[in-house]
Each structure stands twice: as C-alpha cells, then as structure tokens.
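Just below is one structure, and these are the notes that go with it.
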Amino acid sequence: MDSHVCSTFRFMFSDRNTESDFIFLCHGNRIHLTVTAEALQRSPSVQSRYLHFLKVAEEYELDGLTVEDFYDWILEGCAQEFHRLPPNAPEHPTLEDFFHSPTWYYELSASEDDKFVLAKVDGSEDFIPPGSELSDELFAPWASFAPSQVHIVCDLPEMALAKTPKKVGTSEDKIHYFKLFDRSDAMMARRELEKYSQIEKAKLDGLPISRLNGIVRDPGGTFHGLLLTYIDADAQTLLCAVNEDTSNLLRQRWSDQVSSALKHLHEAGIVWGDAKPDNVLIDSQDDAWLIDFGGGYTEGWVDKELAETMEGDLQGLARIKEYIFEVFEE
C-alpha cells in the first residue's frame with residue numbers, strides 16, 4: 001500500500017495476551033483494526049508470522065525485522081478493502097478535520113489459503129482525539145488556537161489527512177511545526193511547557209533552537225499540542241545527515257553550532273534534556289538546530305543517572321561530537 005496514502009497512527013498490544021489494535025489513517029479515514037492470534041488460526045503460517053511480529057513489537061527489532069515491518073505487513077494485506085472506503089478530503093483541511101475523521105472498525109481473521117479476511121464491525125466506542133487536561137496557568141504566556149483555526153499545510157489536500165499533521169498554519173498565516181500530545185503524555189507536555197517558558201524568559205534571540213509559538217486547545221479546554229518553530233529540514237536529523245560523504249568542514253560546523261547552542265542554554269540555566277543526534281535538525285541551509293525539550297534520556301547517549309542535568313547534556317554532547325567525527329571513519 002502506498003505509504004503516502006495510508007499510515008499507522010497508533011499501535012497497542014499487551015504482553016498478557018495475543019490481541020493487538022492498530023489505528024491507521026487512510027484516504028482521510030481513521031481505521032481501527034483488532035487482531036488476535038485465535039482469529040488467525042485457520043492459517044497456521046499467518047498465525048505464526050503474527051505471533052513472531054508480536055515478539056518483534058516487544059523488542060522493537062528482532063531477526064532483522066522492526067515494528068515498522070509489522071505495520072507494513074498488516075497494511076499490505078488490508079489494502080484492497082481499505083481502498084474501497086469513501087475518501088475524506090476537505091478542500092481546506094484543519095486539525096479539527098483530522099481529529100474528527102470518519103472512523104471505521106474492523107476485525108481481522110485469515111483464510112485457509114493464507115489471506116487476510118476483514119470483517120467490518122460496529123465501533124464499540126467513539127474515537128477520543130489525543131489530548132490532555134492541564135492547568136490553564138501553564139498556557140498563559142502563549143496564544144491558544146482551536147483545532148478549527150489551524151490549517152494543515154499540504155501540497156495535495158487529498159493527502160493532508162493521510163498522516164499525522166506536522167506542518168500547519170494558523171489564522172495569522174504563520175507556519176508552525178505541530179507536536180501532538182496523547183493523553184498519556186501529560187507529564188512530558190507539562191515539562192516541555194515549563195522548559196519553553198524558561199527559554200522565553202531568557203530572551204535567547206537568534207539561538208538555533210526550537211521555540212514555542214502557540215498552543216492548540218479545543219473550546220472545552222483540552223490541550224492537543226504545541227505549535228513550534230517550523231524548521232525547513234525535511235525531517236532530516238543529524239543522525240541521518242552525517243554520512244561518509246560529509247566534509248570535515250560541515251562536520252565541524254555542526255559540532256560548533258550544537259556546542260554553542262548548548263553553551264548558551266546552560267548559561268541561562270536551561271537543561272536541554274534528551275541530548276542525541278535525533279534531536280538535532282539540519283535545515284536546508286545546513287545549519288544545526290536543537291529540538292525537543294521534553295526531557296528524558298536515551299540509552300547510549302546519556303546515562304540514566306545523569307538524565308535532566310547539565311552534566312548529562314555535556315555527556316550527550318561529547319557523544320554527539322564523537323558520532324559526527326568518527327561514525328564513518330575507517
């Protein structure tokens with residue numbers, strides 16, 4: 001199935017049984033698919049592959065397979081049925097359209113000839129849009145926008161609801177990066193809002209870091225996400241940007257930019273947090289930007305006991321520099 005037409009929005013499974021639930025976005029529709037090993041028993045080969053993929057999901061990567069391969073396997077087997085759904089393509093799509101896309105429910109089984117069999121079922125519950133309930137005082141410094149006020153920026157309107165929106169605009173015709181928060185992300189959202197408040201007060205003008213421009217909240221007060229600096233980077237992180245053809249001059253440029261940005265943050269008393277190459281964007285002008293102030297740590301880049309500290313940031317910086325200069329050296 002064309003990945004530009006359908007994507008995986010959410011995947012849930014339990015290690016206590018063999019049930020899993022997928023939510024796909026396809027042609028502007030939201031598709032909730034439930035799968036169990038028991039329902040696949042008519043095809044031992046399909047059942048066996050499904051159970052193996054559940055193990056992959058537990059480890060994220062196993063035997064050369066990742067959870068992304070799991071998604072692709074399910075989508076490819078369901079493509080014909082999903083393509084039959086009536087497309088939902090508003091002329092001027094907004095986040096309101098995304099949150100309230102038509103939702104379809106299916107259960108998956110298998111036939112004796114090893115093919116997927118989809119059965120459409122009545123939804124057991126309405127889809128609840130992602131969001132959290134947070135204290136109003138956390139949002140006070142920034143403008144709030146209702147989902148209906150935030151339009152999705154996409155060259156092809158029919159593709160706007162095929163993936164979680166990232167590039168969006170407000171009624172003031174400003175472009176932002178939209179960072180969506182789920183109901184389980186309340187603590188991370190609170191931490192990130194507090195960090196952006198520190199950055200705002202520090203007046204770090206000109207520093208190549210992500211900044212908060214606004215908040216997306218519905219009229220009832222539910223917080224859906226952040227409107228951040230839109231960095232023209234085509235989703236290219238430092239992790240992907242460095243390769244064997246990267247010049248020493250460019251490597252030094254990125255190392256210096258990351259070091260300088262972190263130095264200025266620390267001088268303002270601000271901790272970056274999850275320091276790693278994935279949290280450095282390389283823009284279209286080959287400049288490095290620090291992003292993601294949600295905190296936490298990533299194994300291999302910052303030690304757990306140093307998480308959320310300046311010492312941890314410096315450890316992450318040293319390892320980022322090592323990655324920049326040594327990863328592709330013979």
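We label chains A, B, ... in the order they appear in the structure tokens, count residues from 1 in each chain, and number ligands from 1 in the order shown.
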query = Skipping near chain neighbours, those fewer than 6 positions away, what residues fall within 9 Å of region 179-191 of chain A using only C-alpha atoms, listed as a list in words?
reply = Pro129, Pro130, Gly131, Ser132, Glu133, Leu134, Ser135, Leu138, Thr164, Pro165, Lys166, Phe223, His224, Gly225, Leu226, Leu227, Leu228, Phe293, Gly294, Gly295 and Gly296 of chain A
Since we have the selection now, will you write its residues out, keeping all heavy atoms, as a short mmCIF file (atom, residue, chain, number, x, y, z; two decimals), in the first residue's frame?
```cif
data_model
loop_
_atom_site.label_atom_id
_atom_site.label_comp_id
_atom_site.auth_asym_id
_atom_site.auth_seq_id
_atom_site.Cartn_x
_atom_site.Cartn_y
_atom_site.Cartn_z
N PRO A 129 -10.14 12.05 20.52
CA PRO A 129 -8.95 12.70 19.98
C PRO A 129 -7.84 12.78 21.02
O PRO A 129 -8.11 12.87 22.23
CB PRO A 129 -9.45 14.10 19.60
CG PRO A 129 -10.92 13.95 19.42
CD PRO A 129 -11.33 12.90 20.42
N PRO A 130 -6.59 12.73 20.59
CA PRO A 130 -5.48 12.87 21.53
C PRO A 130 -5.58 14.19 22.28
O PRO A 130 -6.06 15.19 21.74
CB PRO A 130 -4.25 12.86 20.61
CG PRO A 130 -4.71 12.22 19.35
CD PRO A 130 -6.15 12.58 19.20
N GLY A 131 -5.13 14.20 23.49
CA GLY A 131 -5.16 15.44 24.26
C GLY A 131 -5.05 15.18 25.75
O GLY A 131 -5.18 14.04 26.21
N SER A 132 -4.78 16.22 26.50
CA SER A 132 -4.63 16.12 27.96
C SER A 132 -5.31 17.30 28.63
O SER A 132 -5.52 18.34 28.02
CB SER A 132 -3.14 16.10 28.34
OG SER A 132 -2.46 15.02 27.76
N GLU A 133 -5.62 17.11 29.88
CA GLU A 133 -6.17 18.19 30.70
C GLU A 133 -5.03 18.74 31.56
O GLU A 133 -4.50 18.05 32.42
CB GLU A 133 -7.30 17.68 31.59
CG GLU A 133 -8.43 16.99 30.82
CD GLU A 133 -9.13 17.90 29.85
OE1 GLU A 133 -9.19 19.13 30.12
OE2 GLU A 133 -9.61 17.41 28.81
N LEU A 134 -4.63 19.98 31.28
CA LEU A 134 -3.55 20.60 32.02
C LEU A 134 -4.01 21.94 32.60
O LEU A 134 -4.97 22.54 32.12
CB LEU A 134 -2.34 20.83 31.10
CG LEU A 134 -1.66 19.58 30.53
CD1 LEU A 134 -0.57 19.97 29.55
CD2 LEU A 134 -1.08 18.72 31.64
N SER A 135 -3.29 22.40 33.59
CA SER A 135 -3.62 23.65 34.26
C SER A 135 -3.52 24.84 33.30
O SER A 135 -2.55 24.95 32.53
CB SER A 135 -2.69 23.87 35.45
OG SER A 135 -2.85 25.15 35.99
N LEU A 138 -0.28 27.03 32.83
CA LEU A 138 0.83 26.58 32.00
C LEU A 138 0.80 27.21 30.62
O LEU A 138 1.82 27.34 29.95
CB LEU A 138 0.81 25.05 31.86
CG LEU A 138 1.22 24.23 33.08
CD1 LEU A 138 0.91 22.76 32.86
CD2 LEU A 138 2.70 24.43 33.38
N THR A 164 -0.31 11.93 10.38
CA THR A 164 -0.43 12.90 11.46
C THR A 164 0.14 14.23 10.98
O THR A 164 1.30 14.28 10.55
CB THR A 164 0.34 12.43 12.71
OG1 THR A 164 -0.17 11.17 13.12
CG2 THR A 164 0.18 13.43 13.84
N PRO A 165 -0.63 15.30 11.01
CA PRO A 165 -0.14 16.59 10.51
C PRO A 165 1.08 17.08 11.27
O PRO A 165 1.13 17.01 12.49
CB PRO A 165 -1.33 17.53 10.72
CG PRO A 165 -2.52 16.63 10.84
CD PRO A 165 -2.03 15.38 11.49
N LYS A 166 2.04 17.61 10.54
CA LYS A 166 3.24 18.19 11.15
C LYS A 166 3.38 19.66 10.77
O LYS A 166 3.61 20.51 11.63
CB LYS A 166 4.49 17.42 10.68
CG LYS A 166 4.49 15.94 11.04
CD LYS A 166 4.56 15.72 12.54
CE LYS A 166 4.69 14.24 12.87
NZ LYS A 166 4.64 13.98 14.32
N PHE A 223 -6.07 20.16 25.90
CA PHE A 223 -4.81 20.50 25.24
C PHE A 223 -4.45 19.40 24.24
O PHE A 223 -4.40 18.23 24.58
CB PHE A 223 -3.71 20.65 26.30
CG PHE A 223 -2.31 20.60 25.76
CD1 PHE A 223 -1.80 21.65 25.03
CD2 PHE A 223 -1.50 19.50 26.01
CE1 PHE A 223 -0.51 21.61 24.54
CE2 PHE A 223 -0.21 19.45 25.52
CZ PHE A 223 0.30 20.52 24.78
N HIS A 224 -4.19 19.80 22.98
CA HIS A 224 -3.88 18.82 21.94
C HIS A 224 -2.41 18.83 21.51
O HIS A 224 -1.90 17.82 21.06
CB HIS A 224 -4.76 19.06 20.71
CG HIS A 224 -6.21 18.80 20.95
ND1 HIS A 224 -6.71 17.54 21.22
CD2 HIS A 224 -7.26 19.65 20.98
CE1 HIS A 224 -8.02 17.62 21.39
NE2 HIS A 224 -8.38 18.88 21.26
N GLY A 225 -1.77 19.99 21.60
CA GLY A 225 -0.39 20.00 21.16
C GLY A 225 0.21 21.39 21.10
O GLY A 225 -0.42 22.40 21.43
N LEU A 226 1.47 21.43 20.66
CA LEU A 226 2.25 22.66 20.60
C LEU A 226 2.46 23.10 19.16
O LEU A 226 2.65 22.27 18.27
CB LEU A 226 3.62 22.44 21.26
CG LEU A 226 3.64 21.91 22.70
CD1 LEU A 226 5.09 21.69 23.15
CD2 LEU A 226 2.92 22.87 23.64
N LEU A 227 2.47 24.40 18.97
CA LEU A 227 2.84 25.00 17.69
C LEU A 227 4.27 25.53 17.86
O LEU A 227 4.50 26.53 18.54
CB LEU A 227 1.88 26.12 17.33
CG LEU A 227 0.42 25.71 17.13
CD1 LEU A 227 -0.47 26.93 16.92
CD2 LEU A 227 0.28 24.74 15.95
N LEU A 228 5.21 24.83 17.24
CA LEU A 228 6.62 25.12 17.43
C LEU A 228 7.23 25.76 16.18
O LEU A 228 6.61 25.81 15.11
CB LEU A 228 7.37 23.83 17.76
CG LEU A 228 6.92 23.08 19.01
CD1 LEU A 228 7.58 21.71 19.07
CD2 LEU A 228 7.22 23.89 20.26
N PHE A 293 12.48 19.60 23.88
CA PHE A 293 12.81 19.94 25.27
C PHE A 293 11.88 19.22 26.25
O PHE A 293 11.60 19.72 27.34
CB PHE A 293 12.75 21.46 25.45
CG PHE A 293 13.85 22.18 24.72
CD1 PHE A 293 13.66 22.64 23.42
CD2 PHE A 293 15.08 22.37 25.32
CE1 PHE A 293 14.67 23.30 22.73
CE2 PHE A 293 16.11 23.02 24.64
CZ PHE A 293 15.90 23.49 23.34
N GLY A 294 11.41 18.04 25.83
CA GLY A 294 10.51 17.27 26.67
C GLY A 294 11.20 16.46 27.75
O GLY A 294 10.53 15.83 28.58
N GLY A 295 12.51 16.47 27.75
CA GLY A 295 13.25 15.77 28.78
C GLY A 295 13.42 14.29 28.50
O GLY A 295 13.23 13.82 27.38
N GLY A 296 13.78 13.55 29.54
CA GLY A 296 14.05 12.13 29.40
C GLY A 296 15.50 11.89 29.02
O GLY A 296 16.36 12.78 29.11
#
```
inquiry  = Residues of region 11-209 of chain A classed as strand (DSSP E or B) by DSSP on the backbone are to be reported as a PyMOL selection string.
reply    = chain A and resi 11-13+20-26+29-35+61-62+65-66+94+103-110+116-121+132+143-145+151-152+167-169+175-180+209
ask   = Quick one: residues within 10 Å of region 213-217 of chain A, only C-alpha atoms counted, chain neighbours fewer than 3 positions away excluded, as a ChimeraX atom specification?
value = /A:95,131-133,139-150,170,174-180,193,196,210,220-230
task = Just the residues within 10 Å of region 305-315 of chain A, please, counting only C-alpha atoms, with nothing from its chain fewer than 3 positions along; format it as a list in words.
result =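 Final neighbour list, sorted by chain and number: Ser259, Leu262, Lys263, Leu265, His266, Gly269, Ile270, Val271, Trp272, Gly273, Asp274, Ala275, Lys276, Gly294, Gly295, Gly296, Tyr297, Thr298, Trp301, Val302, Ala318, Arg319 and Ile320 of chain A.
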Resulting file, chosen residues, N, CA, C and O atoms, as a PDB file, in the first residue's frame:
```
ATOM      1  N   SER A 259      27.413  22.806  20.006  1.00  0.00           N
ATOM      2  CA  SER A 259      28.139  23.188  21.218  1.00  0.00           C
ATOM      3  C   SER A 259      27.776  24.594  21.662  1.00  0.00           C
ATOM      4  O   SER A 259      27.545  24.845  22.853  1.00  0.00           O
ATOM      5  N   LEU A 262      24.147  24.811  23.049  1.00  0.00           N
ATOM      6  CA  LEU A 262      24.047  24.213  24.385  1.00  0.00           C
ATOM      7  C   LEU A 262      24.722  25.098  25.427  1.00  0.00           C
ATOM      8  O   LEU A 262      24.217  25.251  26.551  1.00  0.00           O
ATOM      9  N   LYS A 263      25.847  25.710  25.059  1.00  0.00           N
ATOM     10  CA  LYS A 263      26.549  26.617  25.980  1.00  0.00           C
ATOM     11  C   LYS A 263      25.631  27.768  26.392  1.00  0.00           C
ATOM     12  O   LYS A 263      25.549  28.123  27.586  1.00  0.00           O
ATOM     13  N   LEU A 265      22.334  27.844  26.320  1.00  0.00           N
ATOM     14  CA  LEU A 265      21.243  27.324  27.146  1.00  0.00           C
ATOM     15  C   LEU A 265      21.695  27.157  28.590  1.00  0.00           C
ATOM     16  O   LEU A 265      21.002  27.574  29.532  1.00  0.00           O
ATOM     17  N   HIS A 266      22.861  26.568  28.775  1.00  0.00           N
ATOM     18  CA  HIS A 266      23.361  26.332  30.125  1.00  0.00           C
ATOM     19  C   HIS A 266      23.657  27.648  30.855  1.00  0.00           C
ATOM     20  O   HIS A 266      23.420  27.761  32.063  1.00  0.00           O
ATOM     21  N   GLY A 269      20.770  28.748  32.463  1.00  0.00           N
ATOM     22  CA  GLY A 269      20.239  27.831  33.462  1.00  0.00           C
ATOM     23  C   GLY A 269      19.246  26.824  32.917  1.00  0.00           C
ATOM     24  O   GLY A 269      18.454  26.250  33.675  1.00  0.00           O
ATOM     25  N   ILE A 270      19.295  26.570  31.608  1.00  0.00           N
ATOM     26  CA  ILE A 270      18.323  25.690  30.963  1.00  0.00           C
ATOM     27  C   ILE A 270      18.985  24.380  30.539  1.00  0.00           C
ATOM     28  O   ILE A 270      20.037  24.386  29.884  1.00  0.00           O
ATOM     29  N   VAL A 271      18.373  23.269  30.916  1.00  0.00           N
ATOM     30  CA  VAL A 271      18.852  21.941  30.538  1.00  0.00           C
ATOM     31  C   VAL A 271      18.149  21.507  29.254  1.00  0.00           C
ATOM     32  O   VAL A 271      16.925  21.646  29.133  1.00  0.00           O
ATOM     33  N   TRP A 272      18.904  21.017  28.292  1.00  0.00           N
ATOM     34  CA  TRP A 272      18.319  20.522  27.036  1.00  0.00           C
ATOM     35  C   TRP A 272      17.507  19.267  27.312  1.00  0.00           C
ATOM     36  O   TRP A 272      16.349  19.146  26.960  1.00  0.00           O
ATOM     37  N   GLY A 273      18.154  18.290  27.965  1.00  0.00           N
ATOM     38  CA  GLY A 273      17.443  17.047  28.280  1.00  0.00           C
ATOM     39  C   GLY A 273      17.940  15.898  27.435  1.00  0.00           C
ATOM     40  O   GLY A 273      19.093  15.492  27.548  1.00  0.00           O
ATOM     41  N   ASP A 274      17.115  15.414  26.548  1.00  0.00           N
ATOM     42  CA  ASP A 274      17.404  14.206  25.779  1.00  0.00           C
ATOM     43  C   ASP A 274      18.398  14.493  24.656  1.00  0.00           C
ATOM     44  O   ASP A 274      18.054  14.498  23.465  1.00  0.00           O
ATOM     45  N   ALA A 275      19.654  14.708  25.026  1.00  0.00           N
ATOM     46  CA  ALA A 275      20.691  15.067  24.059  1.00  0.00           C
ATOM     47  C   ALA A 275      21.088  13.860  23.212  1.00  0.00           C
ATOM     48  O   ALA A 275      21.584  12.864  23.736  1.00  0.00           O
ATOM     49  N   LYS A 276      20.870  13.957  21.911  1.00  0.00           N
ATOM     50  CA  LYS A 276      21.222  12.895  20.971  1.00  0.00           C
ATOM     51  C   LYS A 276      21.098  13.442  19.551  1.00  0.00           C
ATOM     52  O   LYS A 276      20.422  14.463  19.328  1.00  0.00           O
ATOM     53  N   GLY A 294      11.413  18.042  25.833  1.00  0.00           N
ATOM     54  CA  GLY A 294      10.510  17.270  26.669  1.00  0.00           C
ATOM     55  C   GLY A 294      11.198  16.463  27.750  1.00  0.00           C
ATOM     56  O   GLY A 294      10.535  15.834  28.576  1.00  0.00           O
ATOM     57  N   GLY A 295      12.515  16.473  27.745  1.00  0.00           N
ATOM     58  CA  GLY A 295      13.253  15.768  28.779  1.00  0.00           C
ATOM     59  C   GLY A 295      13.418  14.293  28.496  1.00  0.00           C
ATOM     60  O   GLY A 295      13.229  13.817  27.379  1.00  0.00           O
ATOM     61  N   GLY A 296      13.775  13.555  29.542  1.00  0.00           N
ATOM     62  CA  GLY A 296      14.049  12.131  29.399  1.00  0.00           C
ATOM     63  C   GLY A 296      15.500  11.893  29.021  1.00  0.00           C
ATOM     64  O   GLY A 296      16.357  12.784  29.108  1.00  0.00           O
ATOM     65  N   TYR A 297      15.799  10.672  28.593  1.00  0.00           N
ATOM     66  CA  TYR A 297      17.151  10.334  28.158  1.00  0.00           C
ATOM     67  C   TYR A 297      17.056   9.150  27.213  1.00  0.00           C
ATOM     68  O   TYR A 297      16.048   8.430  27.174  1.00  0.00           O
ATOM     69  N   THR A 298      18.107   8.945  26.421  1.00  0.00           N
ATOM     70  CA  THR A 298      18.156   7.806  25.503  1.00  0.00           C
ATOM     71  C   THR A 298      19.411   7.003  25.802  1.00  0.00           C
ATOM     72  O   THR A 298      20.523   7.553  25.811  1.00  0.00           O
ATOM     73  N   TRP A 301      23.351   7.498  24.859  1.00  0.00           N
ATOM     74  CA  TRP A 301      23.705   8.908  24.657  1.00  0.00           C
ATOM     75  C   TRP A 301      23.843   9.644  25.991  1.00  0.00           C
ATOM     76  O   TRP A 301      24.779  10.421  26.178  1.00  0.00           O
ATOM     77  N   VAL A 302      22.930   9.393  26.902  1.00  0.00           N
ATOM     78  CA  VAL A 302      23.006   9.985  28.250  1.00  0.00           C
ATOM     79  C   VAL A 302      22.713   8.880  29.257  1.00  0.00           C
ATOM     80  O   VAL A 302      21.737   8.136  29.111  1.00  0.00           O
ATOM     81  N   ALA A 318      29.296  15.290  24.131  1.00  0.00           N
ATOM     82  CA  ALA A 318      30.558  14.606  23.818  1.00  0.00           C
ATOM     83  C   ALA A 318      30.303  13.416  22.893  1.00  0.00           C
ATOM     84  O   ALA A 318      31.064  13.170  21.934  1.00  0.00           O
ATOM     85  N   ARG A 319      29.227  12.687  23.136  1.00  0.00           N
ATOM     86  CA  ARG A 319      28.922  11.521  22.309  1.00  0.00           C
ATOM     87  C   ARG A 319      28.389  11.937  20.938  1.00  0.00           C
ATOM     88  O   ARG A 319      28.610  11.237  19.943  1.00  0.00           O
ATOM     89  N   ILE A 320      27.686  13.062  20.883  1.00  0.00           N
ATOM     90  CA  ILE A 320      27.233  13.590  19.588  1.00  0.00           C
ATOM     91  C   ILE A 320      28.448  13.977  18.743  1.00  0.00           C
ATOM     92  O   ILE A 320      28.528  13.669  17.542  1.00  0.00           O
TER      93      ILE A 320
END
```
